[in-house]
file run28.txt (compact mmCIF, C-alpha atoms)
# COMPACT_ATOMS: atom_id res chain seq x y z
CA MET A 11 -9.29 13.08 11.00
CA LEU A 12 -8.20 16.66 10.46
CA ARG A 13 -4.95 17.46 8.66
CA LEU A 14 -3.82 21.06 8.76
CA PHE A 15 -1.58 22.93 6.33
CA GLY A 16 -0.24 26.45 6.27
CA ILE A 17 1.36 28.72 3.69
CA ASP A 18 4.97 29.51 4.56
CA ASN A 19 6.74 31.89 2.16
CA GLY A 20 4.62 30.75 -0.76
CA VAL A 21 5.01 27.02 0.03
CA ILE A 22 2.45 24.70 1.62
CA ARG A 23 3.64 23.05 4.85
CA GLU A 24 1.85 20.55 7.05
CA ILE A 25 1.11 21.79 10.56
CA GLU A 26 1.98 19.27 13.25
CA GLY A 27 0.38 19.48 16.66
CA THR A 28 -1.26 17.63 19.51
CA ALA A 29 -4.99 17.14 20.02
CA GLU A 30 -4.97 19.91 22.61
CA GLU A 31 -3.47 22.34 20.11
CA LEU A 32 -5.97 21.45 17.38
CA ALA A 33 -8.40 24.30 18.10
CA ASP A 34 -5.63 26.94 18.01
CA ASN A 35 -4.05 25.45 14.88
CA LEU A 36 -7.40 25.44 13.09
CA ALA A 37 -7.63 29.21 13.39
CA THR A 38 -4.25 29.72 11.69
CA ALA A 39 -4.40 26.92 9.10
CA ASP A 40 -4.70 27.86 5.42
CA TRP A 41 -5.94 24.41 4.39
CA ILE A 42 -7.99 22.03 6.53
CA ASP A 43 -8.42 18.54 5.11
CA ALA A 44 -11.23 16.76 6.97
CA HIS A 45 -11.20 13.01 6.29
CA GLU A 46 -14.31 11.44 7.87
CA PRO A 47 -14.34 13.91 10.82
CA ASP A 48 -15.79 12.76 14.14
CA GLU A 49 -18.28 14.72 16.24
CA ARG A 50 -15.62 16.76 18.05
CA GLU A 51 -13.92 17.70 14.79
CA ARG A 52 -17.26 18.61 13.23
CA THR A 53 -17.99 20.91 16.14
CA LEU A 54 -14.69 22.71 15.61
CA LEU A 55 -15.37 23.03 11.88
CA GLN A 56 -18.84 24.46 12.51
CA LYS A 57 -17.27 27.44 14.24
CA LEU A 58 -15.19 28.18 11.15
CA LEU A 59 -18.09 27.66 8.75
CA HIS A 60 -20.59 29.60 10.87
CA GLY A 61 -23.04 26.80 10.18
CA ASP A 62 -23.47 23.07 9.82
CA VAL A 63 -20.77 20.90 8.28
CA PRO A 64 -22.08 19.29 5.06
CA GLU A 65 -23.18 15.70 5.52
CA PHE A 66 -21.83 13.12 3.10
CA GLU A 67 -25.33 12.54 1.69
CA GLU A 68 -25.54 16.25 0.84
CA VAL A 69 -22.12 16.19 -0.82
CA GLU A 70 -23.27 13.36 -3.09
CA GLU A 71 -26.20 15.39 -4.49
CA ILE A 72 -25.99 15.62 -8.29
CA GLU A 73 -28.03 18.81 -8.86
CA ALA A 74 -25.85 21.70 -10.06
CA SER A 75 -27.36 24.04 -7.46
CA ALA A 76 -26.39 21.61 -4.69
CA ARG A 77 -22.82 21.10 -5.89
CA CYS A 78 -21.67 24.65 -6.68
CA PHE A 79 -23.00 27.60 -4.69
CA VAL A 80 -22.03 30.51 -2.47
CA ASP A 81 -23.30 31.21 1.06
CA GLN A 82 -22.09 32.86 4.23
CA ALA A 83 -19.53 30.09 4.77
CA GLY A 84 -17.79 30.74 1.44
CA ILE A 85 -17.60 29.33 -2.07
CA HIS A 86 -18.75 25.70 -2.16
CA VAL A 87 -17.60 23.28 -4.84
CA HIS A 88 -18.50 19.59 -4.48
CA SER A 89 -16.20 17.84 -6.92
CA LEU A 90 -15.92 14.20 -8.00
CA PHE A 91 -12.57 12.46 -7.54
CA VAL A 92 -11.50 9.02 -8.79
CA THR A 93 -10.29 6.34 -6.39
CA HIS A 94 -8.91 2.87 -7.07
CA SER A 95 -9.73 -0.08 -4.86
CA GLU A 96 -9.66 -3.86 -5.39
CA GLY A 97 -8.88 -3.55 -9.09
CA ARG A 98 -11.77 -1.19 -9.83
CA HIS A 99 -12.21 2.57 -10.01
CA ALA A 100 -14.85 4.43 -8.04
CA THR A 101 -15.86 8.05 -7.56
CA ILE A 102 -15.98 10.06 -4.34
CA SER A 103 -17.46 13.52 -3.92
CA VAL A 104 -15.29 15.98 -1.98
CA ALA A 105 -16.75 19.17 -0.53
CA CYS A 106 -14.34 22.07 -1.13
CA ILE A 107 -15.23 25.25 0.79
CA LEU A 108 -13.14 28.29 -0.12
CA GLN A 109 -13.08 31.11 2.42
CA ARG A 110 -11.08 34.31 2.37
CA LYS A 111 -8.53 32.96 4.86
CA ARG A 112 -8.66 29.21 4.34
CA LEU A 113 -9.65 26.24 2.21
CA ILE A 114 -11.64 23.42 3.82
CA THR A 115 -12.03 20.02 2.14
CA ILE A 116 -14.41 17.43 3.57
CA ARG A 117 -14.42 13.87 2.24
CA GLU A 118 -15.57 10.41 3.25
CA GLY A 119 -13.10 8.08 1.53
CA ASP A 120 -9.39 8.01 0.83
CA VAL A 121 -8.41 9.74 -2.41
CA ALA A 122 -5.05 9.35 -4.16
CA ASP A 123 -4.94 13.06 -5.07
CA PHE A 124 -4.97 14.06 -1.41
CA ARG A 125 -2.29 11.51 -0.51
CA LEU A 126 -0.10 12.95 -3.23
CA MET A 127 -0.82 16.51 -2.10
CA ARG A 128 0.21 15.61 1.47
CA MET A 129 3.40 13.94 0.25
CA ARG A 130 4.29 16.93 -1.92
CA ALA A 131 3.51 19.31 0.95
CA ARG A 132 5.89 17.44 3.25
CA ARG A 133 8.60 17.84 0.60
CA GLY A 134 7.81 21.50 0.06
CA GLN A 135 6.81 20.97 -3.58
CA ILE A 136 3.49 22.84 -3.59
CA GLU A 137 3.67 26.57 -4.18
CA ALA A 138 0.66 28.69 -3.27
CA ARG A 139 0.21 32.21 -1.99
CA SER A 140 -3.46 31.96 -1.06
CA PRO A 141 -6.19 29.38 -0.35
CA ALA A 142 -7.72 30.17 -3.76
CA GLU A 143 -4.46 29.29 -5.50
CA LEU A 144 -4.29 26.11 -3.43
CA LEU A 145 -7.77 25.12 -4.68
CA VAL A 146 -6.68 25.73 -8.25
CA THR A 147 -3.57 23.60 -7.60
CA LEU A 148 -5.82 20.83 -6.27
CA PHE A 149 -7.77 20.84 -9.54
CA GLU A 150 -4.49 20.76 -11.49
CA GLN A 151 -3.44 17.71 -9.47
CA LYS A 152 -6.83 16.12 -10.11
CA LEU A 153 -6.45 16.55 -13.89
CA GLU A 154 -2.91 15.15 -13.80
CA ASN A 155 -4.20 12.07 -12.00
CA HIS A 156 -6.98 11.65 -14.58
CA ALA A 157 -4.42 11.88 -17.37
CA ASP A 158 -2.20 9.26 -15.73
CA THR A 159 -5.20 6.97 -15.18
CA LEU A 160 -6.26 7.29 -18.82
CA GLU A 161 -2.72 6.44 -19.95
CA ASP A 162 -2.81 3.35 -17.74
CA LEU A 163 -6.21 2.36 -19.18
CA HIS A 164 -4.82 2.81 -22.69
CA ARG A 165 -1.91 0.48 -21.92
CA GLN A 166 -4.29 -2.13 -20.52
CA LEU A 167 -6.47 -1.75 -23.60
CA GLU A 168 -3.46 -2.40 -25.85
CA ASP A 169 -2.84 -5.66 -23.96
CA VAL A 170 -6.48 -6.69 -24.41
CA SER A 171 -6.26 -5.71 -28.09
CA TYR A 172 -3.36 -8.12 -28.59
CA LEU A 173 -5.27 -10.78 -26.64
CA VAL A 174 -8.34 -10.45 -28.87
CA LEU A 175 -6.85 -9.79 -32.30
CA GLU A 176 -3.55 -11.69 -32.30
CA ASP A 177 -3.40 -14.34 -29.58
CA GLU A 178 -4.91 -17.51 -31.07
CA ASP A 179 -5.01 -19.27 -27.69
CA ALA A 180 -6.67 -16.39 -25.84
CA GLU A 181 -9.60 -16.90 -23.50
CA LEU A 182 -12.16 -14.58 -25.10
CA ASN A 183 -14.52 -14.71 -22.12
CA GLU A 184 -11.71 -13.31 -19.98
CA ALA A 185 -11.14 -10.58 -22.58
CA ILE A 186 -14.80 -9.56 -22.32
CA GLU A 187 -14.47 -9.24 -18.53
CA GLN A 188 -11.38 -7.04 -18.92
CA LEU A 189 -13.11 -4.85 -21.51
CA ALA A 190 -16.11 -4.46 -19.20
CA ARG A 191 -13.84 -3.27 -16.37
CA LEU A 192 -12.03 -0.85 -18.69
CA GLU A 193 -15.32 0.54 -19.96
CA ASP A 194 -16.53 1.07 -16.40
CA SER A 195 -13.29 2.84 -15.39
CA ASN A 196 -13.31 5.01 -18.50
CA GLY A 197 -16.92 5.96 -17.84
CA LYS A 198 -16.16 7.02 -14.26
CA ILE A 199 -13.22 9.16 -15.41
CA ARG A 200 -15.39 10.79 -18.06
CA LEU A 201 -18.01 11.52 -15.39
CA CYS A 202 -15.34 13.19 -13.24
CA LEU A 203 -14.15 15.23 -16.21
CA MET A 204 -17.68 16.42 -16.93
CA ASP A 205 -18.06 17.35 -13.28
CA SER A 206 -14.72 19.19 -13.41
CA GLN A 207 -15.93 21.23 -16.38
CA ARG A 208 -18.86 22.46 -14.35
CA ASP A 209 -16.70 23.17 -11.29
CA ILE A 210 -14.09 25.12 -13.26
CA SER A 211 -16.76 27.17 -15.03
CA PHE A 212 -18.19 28.04 -11.62
CA LEU A 213 -14.78 29.01 -10.24
CA LEU A 214 -14.02 31.13 -13.31
CA ARG A 215 -17.09 33.22 -12.56
CA HIS A 216 -16.17 33.72 -8.91
CA LEU A 217 -12.39 34.06 -9.22
CA ARG A 218 -12.34 36.28 -12.27
CA LYS A 219 -10.97 39.19 -10.22
CA ASP A 220 -7.62 37.41 -10.10
CA PRO A 221 -6.32 37.21 -13.72
CA GLU A 222 -3.64 34.65 -12.81
CA HIS A 223 -6.17 32.22 -11.35
CA ALA A 224 -8.48 32.76 -14.31
CA ASP A 225 -5.70 31.99 -16.80
CA THR A 226 -4.76 28.81 -14.93
CA LEU A 227 -8.38 27.68 -14.79
CA ARG A 228 -8.76 28.25 -18.53
CA GLU A 229 -5.69 26.09 -19.15
CA ILE A 230 -7.21 23.39 -16.94
CA MET A 231 -10.44 23.67 -18.92
CA ARG A 232 -8.52 23.09 -22.16
CA ASP A 233 -6.86 20.06 -20.59
CA VAL A 234 -10.27 18.74 -19.56
CA GLU A 235 -11.54 19.04 -23.12
CA THR A 236 -8.48 17.18 -24.40
CA LEU A 237 -8.98 14.37 -21.89
CA MET A 238 -12.68 14.20 -22.80
CA SER A 239 -11.67 13.55 -26.41
CA HIS A 240 -9.30 10.83 -25.20
CA THR A 241 -12.07 9.12 -23.24
CA ALA A 242 -14.25 9.19 -26.37
CA PHE A 243 -11.42 7.50 -28.29
CA LEU A 244 -11.11 4.84 -25.58
CA PHE A 245 -14.86 4.22 -25.67
CA ASP A 246 -14.71 3.70 -29.45
CA LYS A 247 -11.80 1.29 -29.15
CA ILE A 248 -13.44 -0.62 -26.30
CA ASN A 249 -16.64 -0.97 -28.33
CA PHE A 250 -14.64 -2.14 -31.38
CA LEU A 251 -12.80 -4.77 -29.34
CA MET A 252 -16.04 -5.85 -27.65
CA ASP A 253 -17.72 -6.32 -31.05
CA SER A 254 -14.64 -8.16 -32.36
CA THR A 255 -14.56 -10.45 -29.34
CA GLN A 256 -18.23 -11.30 -29.67
CA GLY A 257 -17.70 -11.89 -33.40
CA PHE A 258 -14.82 -14.30 -32.74
CA ILE A 259 -16.91 -16.12 -30.15
CA ASN A 260 -19.75 -16.44 -32.68
CA ILE A 261 -17.30 -17.79 -35.27
CA GLU A 262 -16.06 -20.41 -32.80
CA GLN A 263 -19.62 -21.40 -31.98
CA ASN A 264 -20.49 -21.59 -35.68
CA GLN A 265 -17.47 -23.84 -36.26
CA ILE A 266 -18.68 -26.19 -33.55
CA ILE A 267 -22.20 -26.24 -34.98
CA LYS A 268 -20.72 -26.80 -38.45
CA ILE A 269 -18.79 -29.84 -37.22
CA PHE A 270 -21.92 -31.31 -35.64
CA SER A 271 -23.93 -30.63 -38.81
CA ILE A 272 -21.33 -32.28 -41.05
CA ALA A 273 -21.07 -35.25 -38.70
CA ALA A 274 -24.84 -35.66 -38.81
CA VAL A 275 -24.84 -35.58 -42.64
CA VAL A 276 -21.91 -38.03 -42.86
CA PHE A 277 -23.59 -40.58 -40.59
CA LEU A 278 -27.05 -40.16 -42.12
CA PRO A 279 -26.55 -42.47 -45.20
CA PRO A 280 -25.01 -45.33 -43.14
CA THR A 281 -27.90 -45.00 -40.71
CA LEU A 282 -30.32 -45.25 -43.63
CA VAL A 283 -28.64 -48.44 -44.87
CA ALA A 284 -28.66 -49.95 -41.35
CA SER A 285 -32.33 -49.04 -40.97
CA ILE A 286 -33.24 -50.73 -44.23
CA TYR A 287 -31.53 -53.97 -43.27
CA GLY A 288 -32.96 -53.76 -39.77
CA MET A 289 -36.53 -54.08 -41.06
CA ASN A 290 -38.32 -57.32 -40.20
CA PHE A 291 -39.79 -58.25 -43.57
CA LYS A 292 -40.24 -61.95 -44.26
CA VAL A 293 -38.71 -61.81 -47.75
CA MET A 294 -35.27 -60.13 -47.77
CA PRO A 295 -32.96 -61.88 -50.30
CA GLU A 296 -29.79 -60.49 -48.73
CA LEU A 297 -30.48 -62.46 -45.53
CA ASP A 298 -29.72 -65.70 -47.35
CA TRP A 299 -26.58 -64.46 -49.09
CA LEU A 300 -23.24 -65.68 -47.81
CA LEU A 301 -21.71 -62.22 -48.29
CA GLY A 302 -24.85 -60.31 -47.35
CA TYR A 303 -23.51 -59.07 -44.01
CA PRO A 304 -20.09 -57.88 -45.36
CA MET A 305 -21.89 -56.22 -48.24
CA ALA A 306 -24.16 -54.25 -45.86
CA ILE A 307 -21.18 -53.19 -43.76
CA GLY A 308 -19.25 -52.11 -46.86
CA LEU A 309 -22.27 -50.22 -48.17
CA MET A 310 -22.57 -48.30 -44.90
CA ILE A 311 -18.86 -47.43 -44.97
CA MET A 312 -19.07 -46.21 -48.55
CA ALA A 313 -22.23 -44.24 -47.74
CA GLY A 314 -20.33 -42.45 -44.97
CA ILE A 315 -17.13 -41.83 -46.96
CA ALA A 316 -18.93 -40.41 -50.00
CA PRO A 317 -20.38 -37.30 -48.23
CA TYR A 318 -17.08 -36.74 -46.43
CA LEU A 319 -15.14 -36.69 -49.72
CA TYR A 320 -17.75 -34.39 -51.25
CA PHE A 321 -17.39 -31.90 -48.40
CA LYS A 322 -13.59 -32.00 -48.74
CA THR A 323 -13.76 -31.20 -52.46
CA LYS A 324 -16.05 -28.23 -51.66
CA ASN A 325 -13.61 -27.03 -48.93
CA TRP A 326 -16.37 -27.17 -46.36
CA LEU A 327 -14.08 -28.98 -43.92

call {"tool": "encode", "arguments": {"input": "run28.txt", "output": "structure tokens"}}
result
Amino acid sequence: MLRLFGIDNGVIREIEGTAEELADNLATADWIDAHEPDERERTLLQKLLHGDVPEFEEVEEIEASARCFVDQAGIHVHSLFVTHSEGRHATISVACILQRKRLITIREGDVADFRLMRMRARRGQIEARSPAELLVTLFEQKLENHADTLEDLHRQLEDVSYLVLEDEDAELNEAIEQLARLEDSNGKIRLCLMDSQRDISFLLRHLRKDPEHADTLREIMRDVETLMSHTAFLFDKINFLMDSTQGFINIEQNQIIKIFSIAAVVFLPPTLVASIYGMNFKVMPELDWLLGYPMAIGLMIMAGIAPYLYFKTKNWL
């Protein structure tokens, strides 16, 4: 699907049109957002790029030379974006191709940043005077989304912190699962931030002729560094809570083992007494006593109570 946008008096507007008007609208569009384009749409894009449209496998390449480069089609920046699906975060690489007259973005999955950009464009809330400024605005939106996501992760981490450190009836196994999800999400955001650092450095080198763009990109770079520090803080807190959770689980297991050990020691003397009187020797005087049986029972009870009282005085129970 191709979505087209144009710059109208410094404001981004979505271009509406029929399928028959698509080819003409492509030539005048300032931003072309290609979401999983079909063969016909790829053919139209090839005419604008003067070459092949990047395949999704190529966009996912991790080498720096494959993600940021310049060719006859324009300035290429393949940037990682965060998506959220089924309670988990994932990353999607988006190919951003900046030409003199237009910006082309090619992506495989749905990304929240692009949904928000479309919504803001319909409301006339995105100001841009050129495709280059629009690309810079897209990176600003990306960083804002990362910041919001990190704030949400921090709130979730505070809930898990209460669960682990204060809630006596908490299910610690569930807390470990939540911490694992938070660690995975935080790691994906950090990966996107590291990728953004590389992309912004590349754009600073190629957009340095425009001082306004360069200043904005430097501000974005400072924001990226701040968010990187925040992700490091979240990693430290997640690791602390993970260690605490495992420690509490070990304490609970030790308590259970302690109870079994004490029970074994308490019942060991009565078992010894019962074993002695269970032996089949021919001469056992107690067998002929009238009170022999009650005496053996009483001896076993006393042998069990004595260790229990000893443990209580030592505060081992």

call {"tool": "closest_residue", "arguments": {"input": "run28.txt", "among": "A:Ala44, A:Leu153, A:Leu213, A:Ala100", "to": "Asp194 in chain A", "atoms": "only C-alpha atoms"}}
result
A:Ala100

call {"tool": "closest_atom_pairs", "arguments": {"input": "run28.txt", "of": "range 92-210 of chain A", "to": "range 230-237 of chain A", "cutoff": "7 Å", "atoms": "all atoms listed in the file", "output": "JSON lines"}}
result
{"residue": "A:Glu150", "atom": "CA", "partner": "A:Ile230", "partner_atom": "CA", "distance": 6.6}
{"residue": "A:Ala157", "atom": "CA", "partner": "A:Leu237", "partner_atom": "CA", "distance": 6.9}
{"residue": "A:Leu203", "atom": "CA", "partner": "A:Val234", "partner_atom": "CA", "distance": 6.2}
{"residue": "A:Gln207", "atom": "CA", "partner": "A:Met231", "partner_atom": "CA", "distance": 6.5}
{"residue": "A:Ile210", "atom": "CA", "partner": "A:Met231", "partner_atom": "CA", "distance": 6.9}

call {"tool": "residues_around", "arguments": {"input": "run28.txt", "residues": "Pro280 in chain A", "least_positions_apart": "2", "cutoff": "8 Å", "atoms": "all atoms listed in the file", "output": "number ranges by chain"}}
result
A: 276-278, 282-284, 309-311, 313-314

call {"tool": "residues_near_point", "arguments": {"input": "run28.txt", "point": "(-9.5, -8.5, -20.7)", "cutoff": "9 Å", "atoms": "all atoms listed in the file", "output": "list of chain:residue names"}}
result
A:Gln166, A:Leu167, A:Asp169, A:Val170, A:Ser171, A:Leu173, A:Val174, A:Glu181, A:Leu182, A:Asn183, A:Glu184, A:Ala185, A:Ile186, A:Glu187, A:Gln188, A:Leu189, A:Ala190, A:Arg191, A:Leu192

call {"tool": "residues_around", "arguments": {"input": "run28.txt", "residues": "Leu175 in chain A", "least_positions_apart": "6", "cutoff": "10 Å", "atoms": "all atoms listed in the file", "output": "ChimeraX atom specification"}}
result
/A:251,254-255,258

call {"tool": "atom_distance", "arguments": {"input": "run28.txt", "atom1": "CA of Arg133 in chain A", "atom2": "CA of Asp220 in chain A"}}
result
27.6 Å
